[in-house]
Structure formats: C-alpha cells, structure tokens
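S.K.: Take a look at this one; I'll ask things after.
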Amino acid sequence: MAGKAKSPAVELEVGGRTVRVSNPDRVYFPAHGETKLDLVKYYLSVSDGIVNALRERPCMLHRFPEGAAGEKVHQKRLPHGAPPWMETVQVKFPRYNRTADELCVTEIAHVAWAVQMSTVEFHPWNSRRADTEKPDEWRIDLDPMPDCPFDRVRRVAGVVHEVLDELGAVGYPKTSGGSGIHVYVRVRPEYGFSDVRRAALAFAREVERRAPEDVTTTWWRKDRDPKKLFVDYNQNARDHTIASAYSVRGNADGTVSTPIHWDEVDDVNPKDFTIRTVPQRYAELGDLHASIDDDVYSLATLMEWAERDEREGAEAPPED
C-alpha cells in the first residue's frame with residue numbers, strides 16, 4: 001500500500017529570514033490534530049518569550065520526526081543542513097571527553113528552523129555562552145512523585161515563594177507542561193555547577209523543613225514516598241536541562257510550559273495551557289518572564305546554608 005503523499009513545503013518570512021517548512025500538514029499532536037505548521041506558528045506567536053527564555057544558552061533539542069506520538073530524539077548537536085545564519089556554542093562533556101556545538105538562539109528564526117527539523121521541545125542550559133561553566137539561572141523544580149496530588153504541588157510552591165521572599169530573591173514561576181511547577185531565579189554567574197547545585201539543595205532542605213509532610217529531598221527515587229513532592233535540586237547539575245518557558249511538550253495535547261503569576265498558583269491547571277490556548281494568553285499578558293534579567297540574586301546566603309548543613313552532618317548526594 002502506498003504511503004500518504006507529503007504535503008508541499010511552505011516558505012515563511014521569519015524576522016527577515018526565509019524558513020522553509022517541509023511536510024507542514026504532518027499531524028504532530030493527535031489529540032486535536034495540530035500540525036507541524038501549527039507548531040511553527042505557535043512559536044512565532046510567542047516569539048519574544050521563547051527567545052528570551054533561550055537567548056545565548058546552549059540548547060538541547062527534543063525532536064519528534066513523526067510527531068508527538070512517535071519516537072523522541074535527544075539532539076545535543078545542531079542538526080546537519082543548518083543555514084549559515086544559525087548560531088551555536090561549543091560545550092564540553094568531561095565525562096566523555098567530548099564537545100558539541102549546540103544551538104544558541106538569539107532570534108526567532110533560529111527557533112523556527114529548529115521546528116522545521118522536527119524539534120518540539122527546547123531544553124536550554126542554565127548558563128550562557130559568555131561562560132558556559134558559570135550558571136546564571138537557579139532552577140527550582142517541583143517534581144511530584146506518582147501519587148502526589150497537584151494540590152500538594154500548589155502548597156509547596158507557596159512555601160517556595162515564602163522562602164524566596166525571606167531571602168530577597170525574586171522567583172519566576174511557570175508550569176512544567178507536565179504535572180509540576182518550575183521556579184527560576186536569575187543569579188550572578190559567580191559559581192560553577194556543583195556549587196549552584198549545593199545551594200539549590202540547601203534551599204530544598206529548608207523547604208522540606210517547613211513542609212515535611214509534603215516534601216522530600218531523598219536522593220534515590222526508590223526511597224522516596226510516592227505521595228510526596230521532590231524538590232529536584234539536581235536540575236542545576238551540569239548538562240541537566242528542563243523545558244524552557246514557552247516550550248511545547250511532546251505529548252498528544254501539545255501542552256506548554258507556561259509562565260504564570262504567583263497569584264495564579266492556587267488555581268492553576270497546567271492542562272489548560274496548550275498550543276491552542278497560550279497564544280491568546282500571550283497576546284493579552286505578554287511575556288511574564290520579560291523582566292527576569294532585572295532581578296539578579298547572589299547565592300552567598302544559600303552557600304552559607306549549605307556549609308551549615310554539611311557541618312551538621314547532612315550528606316551530599318553523589319555527583320550525577
């Protein structure tokens with residue numbers, strides 16, 4: 001039986017660049033039938049937001065050549081065939097003694113071309129190309145275990161907000177696009193990955209002390225209470241990435257990791273944010289993370305907390 005004929009390619013003008021989109025009618029999100037071209041148009045609708053989230057960061061791509069129902073490809077290196085105007089940054093992987101030239105977004109055409117190459121999800125590093133070894137973003141990942149209800153995620157987000165306020169740090173929350181919530185804090189690029197991870201663990205322990213019935217920082221997944229929420233400090237380790245703000249997720253509904261106001265946390269339903277609904281929200285509210293670079297926090301206090309915890313016998317988790 002002959003395969004279905006491919007739809008003709010279309011060319012889009014994107015920020016002064018021409019981006020050719022092949023097979024634009026391929027269905028990427030089977031729940032409602034959104035296509036590859038719909039995905040490109042989604043990213044164009046949130047262009048300032050997605051570029052702000054990815055700007056000058058090494059970026060790993062999660063590609064779905066057959067759509068979200070098909071196989072996922074984790075792509076560290078920029079795909080072959082890139083036009084000369086695509087930008088990259090070289091990063092090192094000491095464990096394997098290798099390097100890779102990863103996508104480095106500075107304009108929306110870079111995002112559109114990556115989608116042409118079947119990228120659905122964008123997973124940036126928490127450092128930038130000026131110094132890829134010094135993170136400027138601290139990521140608080142509220143990761144619910146299998147039996148953890150979303151009400152618990154909401155409660156813990158409130159505790160996170162409380163502790164950040166006491167520290168004088170400004171957190172920028174977003175849905176994960178799945179079942180969790182992420183909070184990002186800009187930090188001075190003064191420390192390496194291992195120290196940022198130590199600081200993130202010290203913060204996670206403080207959240208656990210304040211909400212012991214809800215939170216765990218237990219390292220091994222098999223040892224965690226399946227009803228609790230894991231504050232995943234390890235997302236600050238070197239070469240660990242999570243979906244950026246405004247990144248679509250590779251599921252049938254095309255959910256989106258969406259910036260939210262703190263006062264939305266108590267009522268937010270992550271399933272409400274999809275490639276169908278976020279463009280209108282963005283048109284009304286703009287980029288809720290637009291000012292994130294204006295609020296830069298020093299990790300010095302958290303480093304003191306980490307040293308205190310270690311003096312008191314807290315064990316550091318193994319290096320990942």
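Labels used: A, B, ... for chains in the order of the structure tokens, numbers from 1 for residues in each chain, and numbers from 1 for ligands as shown.
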Each residue of segment 266-312 of chain A with at least one atom at most 9 Å from segment 201-215 of chain A should appear once, together with its nearest atom pair and the corresponding distance in Å (one decimal); atoms considered: only C-alpha atoms; ordering: chain, then increasing residue number; output as a Markdown table.
M.R.:
```
| residue | atom | partner | partner_atom | distance |
| --- | --- | --- | --- | --- |
| A:Leu302 | CA | A:Ala202 | CA | 6.3 |
| A:Met303 | CA | A:Ala202 | CA | 7.7 |
| A:Glu304 | CA | A:Ala202 | CA | 8.9 |
| A:Trp305 | CA | A:Ala202 | CA | 5.9 |
| A:Ala306 | CA | A:Ala202 | CA | 5.0 |
| A:Glu307 | CA | A:Ala202 | CA | 8.7 |
| A:Asp309 | CA | A:Ala202 | CA | 7.3 |
```
S.K.: Next, the residues of the selection above should be written as a PDB file, in the first residue's frame with C-alpha atoms.
M.R.:
```
ATOM      1  CA  LEU A 302      22.451  29.735  50.321  1.00  0.00           C
ATOM      2  CA  MET A 303      26.123  28.775  50.211  1.00  0.00           C
ATOM      3  CA  GLU A 304      26.265  29.568  53.940  1.00  0.00           C
ATOM      4  CA  TRP A 305      23.218  27.366  54.456  1.00  0.00           C
ATOM      5  CA  ALA A 306      24.925  24.564  52.542  1.00  0.00           C
ATOM      6  CA  GLU A 307      28.053  24.836  54.692  1.00  0.00           C
ATOM      7  CA  ASP A 309      24.042  21.724  56.760  1.00  0.00           C
TER       8      ASP A 309
END
```
S.K.: Please identify which residues in segment 123-311 of chain A DSSP calls strand (DSSP E) from the backbone, and express them as a list in words.
M.R.: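 DSSP-assigned strand (DSSP E) residues in segment 123-311 of chain A: His123, Pro124, Glu137, Trp138, Arg139, Ile140, Asp141, Leu142, Asp143, Pro144, Tyr172, Pro173, Lys174, Thr175, Ile181, His182, Val183, Tyr184, Val185, Arg186, Val187, Val215, Thr216, Leu229, Phe230, Val231, Val296 and Tyr297 of chain A.
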S.K.: List as a PDB file with C-alpha atoms, in the first residue's frame the protein and nucleic acid residues near Glu319 of chain A, meaning an atom at most 12 Å away when only C-alpha atoms are counted, but skip any in the same chain fewer than 2 places from it.
M.R.:
```
ATOM      1  CA  ARG A  95      32.730  12.548  31.490  1.00  0.00           C
ATOM      2  CA  PHE A 193      27.570  23.938  38.557  1.00  0.00           C
ATOM      3  CA  SER A 194      28.498  21.931  41.643  1.00  0.00           C
ATOM      4  CA  ASP A 195      28.181  24.947  43.937  1.00  0.00           C
ATOM      5  CA  ARG A 197      23.632  22.524  42.957  1.00  0.00           C
ATOM      6  CA  ARG A 198      24.776  22.711  46.606  1.00  0.00           C
ATOM      7  CA  TRP A 219      18.177  11.261  46.558  1.00  0.00           C
ATOM      8  CA  ASN A 234      19.731  18.134  40.611  1.00  0.00           C
ATOM      9  CA  ASN A 236      21.096  22.545  38.466  1.00  0.00           C
ATOM     10  CA  ALA A 237      23.794  19.967  37.781  1.00  0.00           C
ATOM     11  CA  ARG A 238      25.996  20.319  34.742  1.00  0.00           C
ATOM     12  CA  GLU A 315      25.322  14.161  53.406  1.00  0.00           C
ATOM     13  CA  ALA A 316      25.797  15.483  49.916  1.00  0.00           C
ATOM     14  CA  PRO A 317      24.204  13.302  47.231  1.00  0.00           C
TER      15      PRO A 317
END
```
S.K.: Go through segment 181-275 of chain A residue by residue and, counting only C-alpha atoms, keep those with an atom at most 7 Å from segment 20-41 of chain A; for each kept residue give the shortest atom pair and its distance in Å to one decimal, ordered by chain and increasing number, as CSV.
M.R.:
```
residue,atom,partner,partner_atom,distance
A:Asn251,CA,A:Phe29,CA,6.8
A:Ala252,CA,A:Phe29,CA,4.6
A:Asp253,CA,A:Ala31,CA,5.3
A:Gly254,CA,A:Phe29,CA,5.9
```
S.K.: Pick the closest to Glu190 of chain A from A:Gly171, A:Pro135, A:Gly286, A:Pro8: which is it, counting only C-alpha atoms?
M.R.: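 Of all the options, A:Pro135 lies closest to Glu190 of chain A.
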S.K.: Counting only C-alpha atoms, which residues in segment 107-136 of chain A sit no more than 9 Å from segment 70-79 of chain A? For each one, give the nearest pair of atoms and the distance in Å, sorted by chain then residue number, as a Markdown table.
M.R.:
```
| residue | atom | partner | partner_atom | distance |
| --- | --- | --- | --- | --- |
| A:Ala114 | CA | A:Pro79 | CA | 8.3 |
| A:Met117 | CA | A:Pro79 | CA | 7.5 |
| A:Thr119 | CA | A:Val73 | CA | 8.9 |
```
